[in-house]
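Just target-v2.cif here, mmCIF, C-alpha atoms:
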data_final
loop_
_atom_site.label_atom_id
_atom_site.label_comp_id
_atom_site.auth_asym_id
_atom_site.auth_seq_id
_atom_site.Cartn_x
_atom_site.Cartn_y
_atom_site.Cartn_z
CA MET A 1 46.30 19.28 14.48
CA ALA A 2 45.92 19.86 10.78
CA VAL A 3 42.35 20.23 9.60
CA THR A 4 41.64 19.80 5.93
CA GLN A 5 39.31 22.00 3.92
CA ASN A 6 37.10 18.95 3.29
CA GLN A 7 36.68 18.41 7.03
CA ILE A 8 35.73 22.06 7.56
CA THR A 9 33.22 21.90 4.73
CA LYS A 10 31.79 18.60 6.02
CA THR A 11 31.47 19.93 9.58
CA ALA A 12 29.85 23.11 8.35
CA ALA A 13 27.51 21.15 6.12
CA ASP A 14 26.49 18.77 8.91
CA GLY A 15 25.91 21.62 11.33
CA SER A 16 23.93 23.69 8.90
CA ALA A 17 21.92 20.66 7.77
CA ASN A 18 20.88 20.14 11.38
CA ALA A 19 20.09 23.84 11.62
CA VAL A 20 17.87 23.58 8.55
CA VAL A 21 16.11 20.54 10.00
CA ASN A 22 15.63 22.34 13.32
CA ARG A 23 14.25 25.38 11.53
CA LEU A 24 11.85 23.26 9.46
CA GLU A 25 10.58 21.15 12.34
CA PRO A 26 8.12 22.73 14.78
CA SER A 27 9.29 22.95 18.37
CA GLY A 28 8.48 19.91 20.44
CA HIS A 29 7.91 17.78 17.35
CA SER A 30 9.82 14.60 18.03
CA ARG A 31 11.66 13.04 15.10
CA ARG A 32 10.60 9.64 16.38
CA ARG A 33 6.94 10.46 15.81
CA SER A 34 5.45 9.39 12.50
CA ALA A 35 5.60 12.30 10.06
CA THR A 36 2.44 11.18 8.28
CA GLY A 37 0.48 10.11 11.33
CA THR A 38 -2.39 11.69 13.23
CA PRO A 39 -4.31 10.52 16.30
CA PHE A 40 -6.85 9.02 13.90
CA THR A 41 -4.28 6.98 11.96
CA PHE A 42 -2.71 5.92 15.26
CA ALA A 43 -6.08 4.60 16.48
CA LEU A 44 -6.62 2.99 13.08
CA GLY A 45 -3.21 1.32 13.30
CA VAL A 46 -3.98 -0.07 16.76
CA ALA A 47 -7.35 -1.35 15.55
CA THR A 48 -5.62 -2.99 12.57
CA ILE A 49 -3.07 -4.78 14.76
CA VAL A 50 -5.77 -6.01 17.15
CA SER A 51 -8.00 -7.25 14.33
CA MET A 52 -5.04 -8.98 12.65
CA ALA A 53 -4.30 -10.79 15.91
CA VAL A 54 -7.95 -11.88 16.07
CA LEU A 55 -7.68 -13.05 12.45
CA VAL A 56 -4.65 -15.22 13.26
CA LEU A 57 -6.44 -16.64 16.30
CA PHE A 58 -9.58 -17.56 14.37
CA GLY A 59 -7.91 -18.36 11.06
CA LEU A 60 -5.26 -20.71 12.43
CA PHE A 61 -6.74 -22.07 15.66
CA LEU A 62 -10.47 -21.58 16.26
CA SER A 63 -12.08 -22.10 12.85
CA PRO A 64 -12.66 -25.76 11.93
CA ALA A 65 -11.08 -27.70 9.07
CA ASP A 66 -13.17 -28.08 5.93
CA VAL A 67 -14.90 -31.39 5.14
CA THR A 68 -13.36 -31.66 1.66
CA GLN A 69 -10.36 -29.28 1.72
CA GLY A 70 -9.14 -30.08 5.22
CA GLU A 71 -6.76 -27.65 6.92
CA SER A 72 -5.87 -25.88 3.68
CA VAL A 73 -9.14 -23.97 3.95
CA ARG A 74 -7.33 -21.70 6.43
CA ILE A 75 -5.69 -20.04 3.43
CA LEU A 76 -9.17 -18.89 2.40
CA TYR A 77 -9.11 -16.10 5.01
CA ILE A 78 -5.92 -14.64 3.57
CA HIS A 79 -6.73 -15.31 -0.07
CA VAL A 80 -10.22 -13.80 -0.02
CA GLY A 81 -9.19 -10.96 2.30
CA THR A 82 -6.31 -9.86 0.08
CA VAL A 83 -8.22 -10.13 -3.19
CA TRP A 84 -11.09 -8.15 -1.66
CA ILE A 85 -8.65 -5.33 -0.86
CA ALA A 86 -7.08 -5.52 -4.31
CA TYR A 87 -10.52 -5.09 -5.91
CA VAL A 88 -11.42 -2.24 -3.54
CA ALA A 89 -8.05 -0.57 -4.13
CA PHE A 90 -8.35 -0.69 -7.89
CA GLY A 91 -11.95 0.51 -7.66
CA VAL A 92 -10.85 3.47 -5.52
CA THR A 93 -8.08 4.18 -8.02
CA ALA A 94 -10.63 4.31 -10.84
CA ILE A 95 -13.07 6.54 -8.90
CA SER A 96 -10.28 8.89 -7.81
CA SER A 97 -8.98 9.03 -11.36
CA GLY A 98 -12.46 9.95 -12.59
CA MET A 99 -12.66 12.69 -9.96
CA PHE A 100 -9.28 13.99 -11.09
CA LEU A 101 -10.31 14.09 -14.74
CA TRP A 102 -13.69 15.70 -13.99
CA LYS A 103 -13.07 19.45 -14.18
CA ARG A 104 -15.39 20.28 -11.28
CA THR A 105 -13.48 18.15 -8.79
CA SER A 106 -10.06 18.07 -10.42
CA SER A 107 -7.36 18.16 -7.76
CA LEU A 108 -3.99 16.51 -7.34
CA VAL A 109 -5.29 15.06 -4.08
CA TRP A 110 -7.43 12.67 -6.15
CA ASP A 111 -4.43 11.75 -8.24
CA ARG A 112 -2.40 10.95 -5.14
CA ILE A 113 -5.21 8.86 -3.64
CA ALA A 114 -5.39 6.97 -6.95
CA GLY A 115 -1.64 6.33 -6.92
CA ALA A 116 -1.54 5.35 -3.24
CA SER A 117 -4.50 3.01 -3.63
CA ALA A 118 -3.02 1.34 -6.72
CA GLU A 119 0.28 0.72 -4.94
CA VAL A 120 -1.46 -0.96 -2.03
CA GLY A 121 -3.67 -2.88 -4.48
CA VAL A 122 -0.64 -4.22 -6.32
CA LEU A 123 0.85 -5.53 -3.07
CA PHE A 124 -2.41 -7.25 -2.13
CA MET A 125 -2.85 -8.66 -5.64
CA ALA A 126 0.67 -10.14 -5.39
CA LEU A 127 -0.25 -11.65 -2.02
CA THR A 128 -3.48 -13.02 -3.53
CA LEU A 129 -1.50 -14.74 -6.27
CA PHE A 130 0.97 -16.11 -3.73
CA ALA A 131 -1.76 -17.44 -1.43
CA GLY A 132 -3.59 -18.81 -4.47
CA ALA A 133 -0.48 -20.62 -5.67
CA ILE A 134 -0.03 -22.24 -2.26
CA TRP A 135 -3.70 -23.19 -2.11
CA GLY A 136 -3.46 -24.54 -5.67
CA ARG A 137 -0.51 -26.70 -4.66
CA LEU A 138 -2.54 -28.19 -1.81
CA SER A 139 -5.83 -28.55 -3.75
CA TRP A 140 -4.76 -29.21 -7.34
CA GLY A 141 -1.22 -30.49 -6.80
CA LYS A 142 0.35 -27.60 -8.73
CA PHE A 143 1.44 -24.08 -7.83
CA TRP A 144 0.28 -22.73 -11.17
CA VAL A 145 -2.34 -23.77 -13.71
CA TRP A 146 -3.51 -21.85 -16.77
CA ASP A 147 -7.01 -21.56 -15.35
CA ALA A 148 -9.15 -18.63 -16.51
CA ARG A 149 -9.43 -17.02 -13.06
CA VAL A 150 -5.75 -17.48 -12.22
CA THR A 151 -4.58 -16.19 -15.59
CA THR A 152 -6.85 -13.14 -15.67
CA THR A 153 -5.83 -12.30 -12.09
CA ALA A 154 -2.17 -12.41 -13.09
CA PHE A 155 -3.00 -10.22 -16.07
CA LEU A 156 -4.76 -7.72 -13.78
CA PHE A 157 -1.69 -7.64 -11.53
CA ILE A 158 0.61 -6.94 -14.49
CA THR A 159 -1.73 -4.22 -15.74
CA TYR A 160 -1.52 -2.34 -12.45
CA VAL A 161 2.25 -2.75 -12.30
CA GLY A 162 2.13 -1.04 -15.69
CA TYR A 163 -0.11 1.68 -14.22
CA LEU A 164 2.52 2.36 -11.54
CA ALA A 165 5.20 2.47 -14.24
CA VAL A 166 3.13 5.06 -16.14
CA ARG A 167 2.92 7.15 -12.96
CA GLY A 168 6.71 7.11 -12.79
CA LEU A 169 7.18 8.63 -16.22
CA GLY A 170 8.43 12.19 -16.36
CA GLY A 171 6.42 15.40 -16.76
CA SER A 172 4.49 17.74 -14.50
CA HIS A 173 2.13 16.53 -11.76
CA GLN A 174 -0.86 17.44 -13.94
CA GLN A 175 0.53 15.44 -16.85
CA ARG A 176 1.17 12.49 -14.54
CA GLY A 177 -2.38 12.75 -13.21
CA ARG A 178 -4.07 12.89 -16.61
CA ARG A 179 -1.97 10.14 -18.13
CA SER A 180 -2.36 7.71 -15.25
CA ALA A 181 -6.07 8.49 -14.79
CA VAL A 182 -6.81 7.35 -18.34
CA VAL A 183 -4.85 4.13 -17.76
CA ALA A 184 -6.68 3.53 -14.45
CA LEU A 185 -10.10 3.96 -16.07
CA LEU A 186 -9.18 1.42 -18.74
CA ALA A 187 -7.52 -1.01 -16.32
CA VAL A 188 -10.54 -1.21 -14.00
CA LEU A 189 -12.56 -2.77 -16.83
CA GLU A 190 -10.56 -5.95 -16.26
CA ILE A 191 -12.05 -6.51 -12.80
CA PRO A 192 -15.46 -7.77 -14.03
CA LEU A 193 -13.59 -10.01 -16.46
CA VAL A 194 -11.58 -11.51 -13.60
CA HIS A 195 -14.61 -11.86 -11.36
CA PHE A 196 -16.84 -13.53 -13.94
CA SER A 197 -14.07 -15.57 -15.58
CA VAL A 198 -15.11 -18.63 -13.55
CA ARG A 199 -18.56 -18.47 -15.20
CA LEU A 200 -17.42 -17.44 -18.67
CA TRP A 201 -14.84 -20.20 -18.96
CA ARG A 202 -15.02 -23.47 -17.09
CA GLY A 203 -11.88 -23.98 -15.06
CA LEU A 204 -10.48 -25.38 -11.86
CA HIS A 205 -11.10 -22.32 -9.72
CA GLN A 206 -14.29 -22.47 -7.69
CA GLU A 207 -16.99 -19.80 -7.74
CA ALA A 208 -17.46 -17.42 -4.83
CA SER A 209 -18.27 -19.31 -1.62
CA VAL A 210 -20.15 -16.33 -0.19
CA ALA A 211 -22.72 -14.40 -2.25
CA GLY A 212 -22.08 -16.73 -5.16
CA THR A 213 -24.34 -19.10 -7.09
CA THR A 214 -22.80 -22.28 -5.67
CA LYS A 215 -24.56 -24.35 -3.04
CA VAL A 216 -21.45 -24.30 -0.83
CA LYS A 217 -22.34 -23.10 2.67
CA LEU A 218 -19.64 -21.91 5.03
CA GLU A 219 -19.88 -23.06 8.62
CA ASN A 220 -20.66 -20.23 11.07
CA LEU A 221 -17.19 -19.99 12.59
CA MET A 222 -15.63 -20.06 9.11
CA LEU A 223 -17.94 -17.29 7.99
CA PHE A 224 -17.06 -15.26 11.08
CA SER A 225 -13.33 -15.77 10.46
CA LEU A 226 -13.78 -14.62 6.88
CA PHE A 227 -15.66 -11.57 8.14
CA VAL A 228 -12.79 -10.78 10.55
CA ALA A 229 -10.34 -11.09 7.65
CA LEU A 230 -12.32 -8.65 5.51
CA ILE A 231 -12.51 -6.13 8.36
CA SER A 232 -8.78 -6.49 9.22
CA PHE A 233 -7.58 -6.04 5.67
CA THR A 234 -9.93 -3.11 5.10
CA LEU A 235 -8.53 -1.32 8.16
CA LEU A 236 -4.99 -2.05 6.96
CA TYR A 237 -5.82 -0.74 3.50
CA VAL A 238 -7.21 2.56 4.84
CA TRP A 239 -4.17 3.03 7.09
CA LEU A 240 -1.72 2.36 4.26
CA VAL A 241 -3.48 4.62 1.76
CA MET A 242 -3.72 7.52 4.23
CA HIS A 243 0.00 7.37 4.98
CA ARG A 244 1.02 6.85 1.38
CA GLN A 245 -1.16 9.72 0.19
CA ARG A 246 0.60 12.04 2.65
CA VAL A 247 4.02 10.80 1.57
CA LEU A 248 3.09 11.53 -2.05
CA ALA A 249 1.84 15.00 -1.07
CA MET A 250 5.19 15.79 0.55
CA GLN A 251 7.04 14.38 -2.44
CA ASP A 252 5.04 16.61 -4.80
CA THR A 253 5.67 19.66 -2.61
CA LEU A 254 9.38 18.94 -2.57
CA ASP A 255 9.34 18.56 -6.35
CA ASP A 256 7.78 22.02 -6.58
CA LYS A 257 9.74 23.78 -3.85
CA GLY A 258 12.84 21.61 -3.81
CA LEU A 259 15.05 24.20 -5.47
CA ASP A 260 14.05 26.90 -2.96
CA PHE A 261 14.83 24.60 -0.05
CA ALA A 262 18.15 23.54 -1.60
CA LEU A 263 19.17 27.19 -2.02
CA ALA A 264 18.20 27.99 1.57
CA ALA A 265 20.19 25.00 2.82
CA ARG A 266 23.18 26.01 0.70
CA ARG A 267 23.06 29.55 2.07
CA ALA A 268 22.88 28.16 5.60
CA GLU A 269 25.92 26.02 4.85
CA THR A 270 28.08 28.85 3.52
CA GLU A 271 27.17 31.53 6.10
CA PRO A 272 29.04 30.01 9.11
CA VAL A 273 32.12 29.36 6.96
CA LEU A 274 32.11 32.93 5.67
CA GLU A 275 31.60 34.34 9.19
CA SER A 276 34.51 32.33 10.60
CA ALA A 277 36.70 33.42 7.68
CA GLU A 278 35.82 37.06 8.41
CA ASP A 279 36.55 36.59 12.13
CA GLY A 280 39.87 34.91 11.34
CA MET B 1 -2.36 -30.14 11.21
CA ASP B 2 -1.70 -31.14 7.59
CA ASP B 3 0.36 -28.93 5.33
CA ILE B 4 1.12 -26.54 8.15
CA GLY B 5 4.25 -25.26 6.41
CA PHE B 6 2.28 -24.08 3.40
CA ILE B 7 -0.44 -22.49 5.51
CA LEU B 8 2.05 -20.69 7.74
CA ALA B 9 4.00 -19.50 4.70
CA THR B 10 0.84 -17.82 3.40
CA TYR B 11 0.18 -16.04 6.69
CA ILE B 12 3.81 -15.05 7.19
CA ALA B 13 4.21 -13.72 3.63
CA THR B 14 1.05 -11.64 4.01
CA PHE B 15 2.07 -10.11 7.32
CA VAL B 16 5.69 -9.53 6.31
CA GLY B 17 4.56 -7.89 3.06
CA SER B 18 2.06 -5.64 4.84
CA VAL B 19 4.42 -4.65 7.64
CA GLY B 20 7.21 -4.08 5.13
CA LEU B 21 5.11 -1.68 3.08
CA ALA B 22 3.91 0.13 6.22
CA TRP B 23 7.52 0.47 7.43
CA HIS B 24 8.63 1.78 4.04
CA TYR B 25 5.87 4.44 4.05
CA LEU B 26 6.66 5.58 7.59
CA ARG B 27 10.40 5.82 6.92
CA ARG B 28 9.92 7.64 3.63
CA GLY B 29 7.44 10.01 5.27
CA ARG B 30 9.86 10.79 8.09
CA ARG B 31 12.67 11.55 5.66
CA LEU B 32 10.54 13.84 3.51
CA ALA B 33 9.02 15.59 6.52
CA GLU B 34 12.49 16.63 7.67
CA GLN B 35 12.88 18.67 4.50
CA LEU B 36 9.54 20.48 4.69
CA PRO B 37 8.17 23.22 6.95
CA PRO B 38 5.03 22.47 9.03
CA GLU B 39 2.75 24.49 6.74
CA ASP B 40 3.36 21.88 4.04
CA LYS B 41 2.07 19.15 6.37
CA PRO B 42 -1.51 20.25 7.03
CA TRP B 43 -2.47 16.96 8.72
CA ILE B 44 -0.13 17.64 11.66
#

In structure tokens, write the structure found in this file.
Amino acid sequence: MAVTQNQITKTAADGSANAVVNRLEPSGHSRRRSATGTPFTFALGVATIVSMAVLVLFGLFLSPADVTQGESVRILYIHVGTVWIAYVAFGVTAISSGMFLWKRTSSLVWDRIAGASAEVGVLFMALTLFAGAIWGRLSWGKFWVWDARVTTTAFLFITYVGYLAVRGLGGSHQQRGRRSAVVALLAVLEIPLVHFSVRLWRGLHQEASVAGTTKVKLENLMLFSLFVALISFTLLYVWLVMHRQRVLAMQDTLDDKGLDFALAARRAETEPVLESAEDG
Amino acid sequence: MDDIGFILATYIATFVGSVGLAWHYLRRGRRLAEQLPPEDKPWI
């Protein structure tokens, strides 16, 4: 049977690629296992899943309907939970960015935590806007209104999408870190504006139901459901940031050492072909 | 339950978004880990 040169090269490349993978992976390390996981993150993941199940149980079934808002109040647990995480995530991004810029603590680890946290924050901010739009449709009759809180929240979301775009610009890791840290420290100033927008400008959006100045009191089971939501989303946030930070660390290492690994893989590819040619 | 479609859509979007991001991170991590030696993965 005729075998083309391309087939030989492909077979050699596949074989050597597996050889490289085998050489790089420690013995007994299953490829099915999470590459960024540890026993701690595994336990955290299990706790997150369990708490999310409890949130669904309380949020959709056990907590009562609101006197004025009816069943739509069930969106509260998602809406407040996700915006809480978005605020925390952007706060962590700012603190980590400050740590990166401060010479005493400057390390790319802080930069990666900032990036990972901002990514997760952007997702949760998008979910906040989505849940808010649905809630707005049920409460105000419209998915979107140019209310101060809604508009500033959308602006905050766009700002952090911009932050992620800045992180994606070229340059060294240090340049990326410095550039994005400055943006993060400026962007975080928007959070107080978003939070106090309901007091600064009168609008449709209500003030905070918990720890706010309104006389609205949440019923005990509602308050408990909200508490479960905050715990669940916090656990999820920590899990996501830990994994993402490790992915970014590997990406940075590959950026630095990528050429060395590519050369080693190339050598591994050519050696079997050369040996068989010599034998032949 | 009134407006159940809207309420469920909120919950489903949140969980699908979260699980999707988690899945993306795990898959990306697995792919990158295959290209790196263990000493570059100090958490393992």

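What the PyMOL selection byres ((chain A and resi 162-165) around 8) matches in the given file is A:Gly115, A:Ala118, A:Glu119, A:Ile158, A:Thr159, A:Tyr160, A:Val161, A:Val166, A:Arg167, A:Gly168, A:Leu169, A:Ser180, A:Val183, A:Ala184.
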
On this file, the PyMOL selection byres ((chain B and resi 3-15) around 10) gives some set of residues; write that set as an mmCIF file with C-alpha atoms, in the frame of the given file.
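Result file is selection02.cif:
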data_model
loop_
_atom_site.group_PDB
_atom_site.id
_atom_site.type_symbol
_atom_site.label_atom_id
_atom_site.label_comp_id
_atom_site.auth_asym_id
_atom_site.auth_seq_id
_atom_site.Cartn_x
_atom_site.Cartn_y
_atom_site.Cartn_z
ATOM 1 C CA MET A 52 -5.040 -8.980 12.650
ATOM 2 C CA VAL A 56 -4.650 -15.220 13.260
ATOM 3 C CA GLY A 59 -7.910 -18.360 11.060
ATOM 4 C CA LEU A 60 -5.260 -20.710 12.430
ATOM 5 C CA GLY A 70 -9.140 -30.080 5.220
ATOM 6 C CA GLU A 71 -6.760 -27.650 6.920
ATOM 7 C CA SER A 72 -5.870 -25.880 3.680
ATOM 8 C CA VAL A 73 -9.140 -23.970 3.950
ATOM 9 C CA ARG A 74 -7.330 -21.700 6.430
ATOM 10 C CA ILE A 75 -5.690 -20.040 3.430
ATOM 11 C CA LEU A 76 -9.170 -18.890 2.400
ATOM 12 C CA TYR A 77 -9.110 -16.100 5.010
ATOM 13 C CA ILE A 78 -5.920 -14.640 3.570
ATOM 14 C CA HIS A 79 -6.730 -15.310 -0.070
ATOM 15 C CA THR A 82 -6.310 -9.860 0.080
ATOM 16 C CA LEU A 123 0.850 -5.530 -3.070
ATOM 17 C CA PHE A 124 -2.410 -7.250 -2.130
ATOM 18 C CA ALA A 126 0.670 -10.140 -5.390
ATOM 19 C CA LEU A 127 -0.250 -11.650 -2.020
ATOM 20 C CA THR A 128 -3.480 -13.020 -3.530
ATOM 21 C CA PHE A 130 0.970 -16.110 -3.730
ATOM 22 C CA ALA A 131 -1.760 -17.440 -1.430
ATOM 23 C CA GLY A 132 -3.590 -18.810 -4.470
ATOM 24 C CA ALA A 133 -0.480 -20.620 -5.670
ATOM 25 C CA ILE A 134 -0.030 -22.240 -2.260
ATOM 26 C CA TRP A 135 -3.700 -23.190 -2.110
ATOM 27 C CA ARG A 137 -0.510 -26.700 -4.660
ATOM 28 C CA LEU A 138 -2.540 -28.190 -1.810
ATOM 29 C CA MET B 1 -2.360 -30.140 11.210
ATOM 30 C CA ASP B 2 -1.700 -31.140 7.590
ATOM 31 C CA VAL B 16 5.690 -9.530 6.310
ATOM 32 C CA GLY B 17 4.560 -7.890 3.060
ATOM 33 C CA SER B 18 2.060 -5.640 4.840
ATOM 34 C CA VAL B 19 4.420 -4.650 7.640
ATOM 35 C CA GLY B 20 7.210 -4.080 5.130
ATOM 36 C CA LEU B 21 5.110 -1.680 3.080
#

### Query
Please, what distance in Å, to one decimal, runs between atom CA of Trp84 of chain A and atom CA of Phe227 of chain A?
11.3 Å

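What separates atom CA of Asp111 of chain A from atom CA of Ile49 of chain A is a distance of 28.4 Å.
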
### Summary
One decimal place gives the atom CA of Ala35 of chain A-atom CA of Gln251 of chain A separation as 12.8 Å

### Query
Taking only C-alpha atoms into account, which of A:Thr253, A:Thr93, A:Thr41, A:Thr68 comes nearest chain B?
A:Thr253

### Query
Between A:Phe42, A:Phe61, A:Trp144, A:Phe90, which has the minimum distance to Pro192 of chain A (counting all atoms listed in the file)?
A:Phe90

### Query
For the file shown, what are the residues hit by the PyMOL selection byres ((chain A and resi 196) around 12), laid out as a list of chain:residue names?
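Given this file, the PyMOL selection byres ((chain A and resi 196) around 12) evaluates to A:Ala148, A:Arg149, A:Val150, A:Thr152, A:Thr153, A:Leu189, A:Glu190, A:Ile191, A:Pro192, A:Leu193, A:Val194, A:His195, A:Ser197, A:Val198, A:Arg199, A:Leu200, A:Trp201, A:Arg202, A:Gly203, A:His205, A:Gln206, A:Glu207, A:Ala208, A:Gly212, A:Thr213.
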
Limit the output to all heavy atoms and give segment 25-34 of chain B as a PDB file, in the first residue's frame.
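Saved the output as selection_5.pdb:
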ATOM      1  N   TYR B  25     -13.530  27.657  31.524  1.00  0.00           N
ATOM      2  CA  TYR B  25     -12.288  27.733  32.305  1.00  0.00           C
ATOM      3  C   TYR B  25     -11.654  26.355  32.465  1.00  0.00           C
ATOM      4  O   TYR B  25     -10.438  26.194  32.332  1.00  0.00           O
ATOM      5  CB  TYR B  25     -12.550  28.340  33.692  1.00  0.00           C
ATOM      6  CG  TYR B  25     -12.823  29.830  33.685  1.00  0.00           C
ATOM      7  CD1 TYR B  25     -13.301  30.472  34.830  1.00  0.00           C
ATOM      8  CD2 TYR B  25     -12.609  30.607  32.547  1.00  0.00           C
ATOM      9  CE1 TYR B  25     -13.558  31.839  34.831  1.00  0.00           C
ATOM     10  CE2 TYR B  25     -12.869  31.966  32.545  1.00  0.00           C
ATOM     11  CZ  TYR B  25     -13.339  32.578  33.683  1.00  0.00           C
ATOM     12  OH  TYR B  25     -13.594  33.921  33.687  1.00  0.00           O
ATOM     13  N   LEU B  26     -12.481  25.363  32.771  1.00  0.00           N
ATOM     14  CA  LEU B  26     -11.944  24.006  32.977  1.00  0.00           C
ATOM     15  C   LEU B  26     -11.347  23.456  31.683  1.00  0.00           C
ATOM     16  O   LEU B  26     -10.267  22.864  31.686  1.00  0.00           O
ATOM     17  CB  LEU B  26     -13.044  23.077  33.491  1.00  0.00           C
ATOM     18  CG  LEU B  26     -13.528  23.322  34.919  1.00  0.00           C
ATOM     19  CD1 LEU B  26     -14.678  22.389  35.258  1.00  0.00           C
ATOM     20  CD2 LEU B  26     -12.389  23.130  35.926  1.00  0.00           C
ATOM     21  N   ARG B  27     -12.040  23.673  30.578  1.00  0.00           N
ATOM     22  CA  ARG B  27     -11.559  23.153  29.291  1.00  0.00           C
ATOM     23  C   ARG B  27     -10.277  23.845  28.867  1.00  0.00           C
ATOM     24  O   ARG B  27      -9.330  23.215  28.413  1.00  0.00           O
ATOM     25  CB  ARG B  27     -12.646  23.334  28.228  1.00  0.00           C
ATOM     26  CG  ARG B  27     -12.794  22.138  27.323  1.00  0.00           C
ATOM     27  CD  ARG B  27     -13.894  22.331  26.354  1.00  0.00           C
ATOM     28  NE  ARG B  27     -13.554  23.396  25.401  1.00  0.00           N
ATOM     29  CZ  ARG B  27     -14.173  23.569  24.241  1.00  0.00           C
ATOM     30  NH1 ARG B  27     -15.161  22.785  23.909  1.00  0.00           N
ATOM     31  NH2 ARG B  27     -13.830  24.529  23.432  1.00  0.00           N
ATOM     32  N   ARG B  28     -10.259  25.155  29.036  1.00  0.00           N
ATOM     33  CA  ARG B  28      -9.063  25.934  28.669  1.00  0.00           C
ATOM     34  C   ARG B  28      -7.878  25.516  29.550  1.00  0.00           C
ATOM     35  O   ARG B  28      -6.763  25.351  29.063  1.00  0.00           O
ATOM     36  CB  ARG B  28      -9.369  27.416  28.852  1.00  0.00           C
ATOM     37  CG  ARG B  28      -8.254  28.339  28.501  1.00  0.00           C
ATOM     38  CD  ARG B  28      -8.384  28.872  27.081  1.00  0.00           C
ATOM     39  NE  ARG B  28      -7.250  29.723  26.737  1.00  0.00           N
ATOM     40  CZ  ARG B  28      -6.341  29.400  25.835  1.00  0.00           C
ATOM     41  NH1 ARG B  28      -6.415  28.274  25.169  1.00  0.00           N
ATOM     42  NH2 ARG B  28      -5.350  30.201  25.565  1.00  0.00           N
ATOM     43  N   GLY B  29      -8.156  25.331  30.841  1.00  0.00           N
ATOM     44  CA  GLY B  29      -7.118  24.911  31.774  1.00  0.00           C
ATOM     45  C   GLY B  29      -6.546  23.559  31.400  1.00  0.00           C
ATOM     46  O   GLY B  29      -5.326  23.350  31.423  1.00  0.00           O
ATOM     47  N   ARG B  30      -7.410  22.643  31.013  1.00  0.00           N
ATOM     48  CA  ARG B  30      -6.962  21.295  30.639  1.00  0.00           C
ATOM     49  C   ARG B  30      -6.067  21.342  29.402  1.00  0.00           C
ATOM     50  O   ARG B  30      -5.040  20.683  29.331  1.00  0.00           O
ATOM     51  CB  ARG B  30      -8.186  20.419  30.387  1.00  0.00           C
ATOM     52  CG  ARG B  30      -7.911  18.950  30.557  1.00  0.00           C
ATOM     53  CD  ARG B  30      -9.190  18.170  30.590  1.00  0.00           C
ATOM     54  NE  ARG B  30      -9.921  18.389  31.834  1.00  0.00           N
ATOM     55  CZ  ARG B  30     -11.196  18.103  32.002  1.00  0.00           C
ATOM     56  NH1 ARG B  30     -11.891  17.610  31.010  1.00  0.00           N
ATOM     57  NH2 ARG B  30     -11.784  18.302  33.156  1.00  0.00           N
ATOM     58  N   ARG B  31      -6.473  22.165  28.439  1.00  0.00           N
ATOM     59  CA  ARG B  31      -5.682  22.272  27.205  1.00  0.00           C
ATOM     60  C   ARG B  31      -4.310  22.874  27.465  1.00  0.00           C
ATOM     61  O   ARG B  31      -3.305  22.411  26.928  1.00  0.00           O
ATOM     62  CB  ARG B  31      -6.422  23.142  26.183  1.00  0.00           C
ATOM     63  CG  ARG B  31      -7.509  22.389  25.482  1.00  0.00           C
ATOM     64  CD  ARG B  31      -8.095  23.211  24.372  1.00  0.00           C
ATOM     65  NE  ARG B  31      -9.246  22.523  23.786  1.00  0.00           N
ATOM     66  CZ  ARG B  31     -10.066  23.068  22.917  1.00  0.00           C
ATOM     67  NH1 ARG B  31      -9.897  24.301  22.532  1.00  0.00           N
ATOM     68  NH2 ARG B  31     -11.066  22.383  22.421  1.00  0.00           N
ATOM     69  N   LEU B  32      -4.273  23.914  28.298  1.00  0.00           N
ATOM     70  CA  LEU B  32      -2.990  24.560  28.578  1.00  0.00           C
ATOM     71  C   LEU B  32      -2.098  23.652  29.417  1.00  0.00           C
ATOM     72  O   LEU B  32      -0.882  23.597  29.218  1.00  0.00           O
ATOM     73  CB  LEU B  32      -3.211  25.889  29.311  1.00  0.00           C
ATOM     74  CG  LEU B  32      -3.829  27.019  28.480  1.00  0.00           C
ATOM     75  CD1 LEU B  32      -4.192  28.200  29.370  1.00  0.00           C
ATOM     76  CD2 LEU B  32      -2.872  27.479  27.389  1.00  0.00           C
ATOM     77  N   ALA B  33      -2.709  22.930  30.356  1.00  0.00           N
ATOM     78  CA  ALA B  33      -1.935  22.060  31.253  1.00  0.00           C
ATOM     79  C   ALA B  33      -1.220  20.963  30.480  1.00  0.00           C
ATOM     80  O   ALA B  33      -0.138  20.516  30.877  1.00  0.00           O
ATOM     81  CB  ALA B  33      -2.849  21.455  32.301  1.00  0.00           C
ATOM     82  N   GLU B  34      -1.799  20.544  29.367  1.00  0.00           N
ATOM     83  CA  GLU B  34      -1.164  19.496  28.554  1.00  0.00           C
ATOM     84  C   GLU B  34       0.155  19.960  27.955  1.00  0.00           C
ATOM     85  O   GLU B  34       1.004  19.159  27.601  1.00  0.00           O
ATOM     86  CB  GLU B  34      -2.116  19.091  27.419  1.00  0.00           C
ATOM     87  CG  GLU B  34      -3.264  18.217  27.875  1.00  0.00           C
ATOM     88  CD  GLU B  34      -4.240  17.925  26.744  1.00  0.00           C
ATOM     89  OE1 GLU B  34      -4.051  18.471  25.634  1.00  0.00           O
ATOM     90  OE2 GLU B  34      -5.188  17.164  26.986  1.00  0.00           O
TER      91      GLU B  34
END
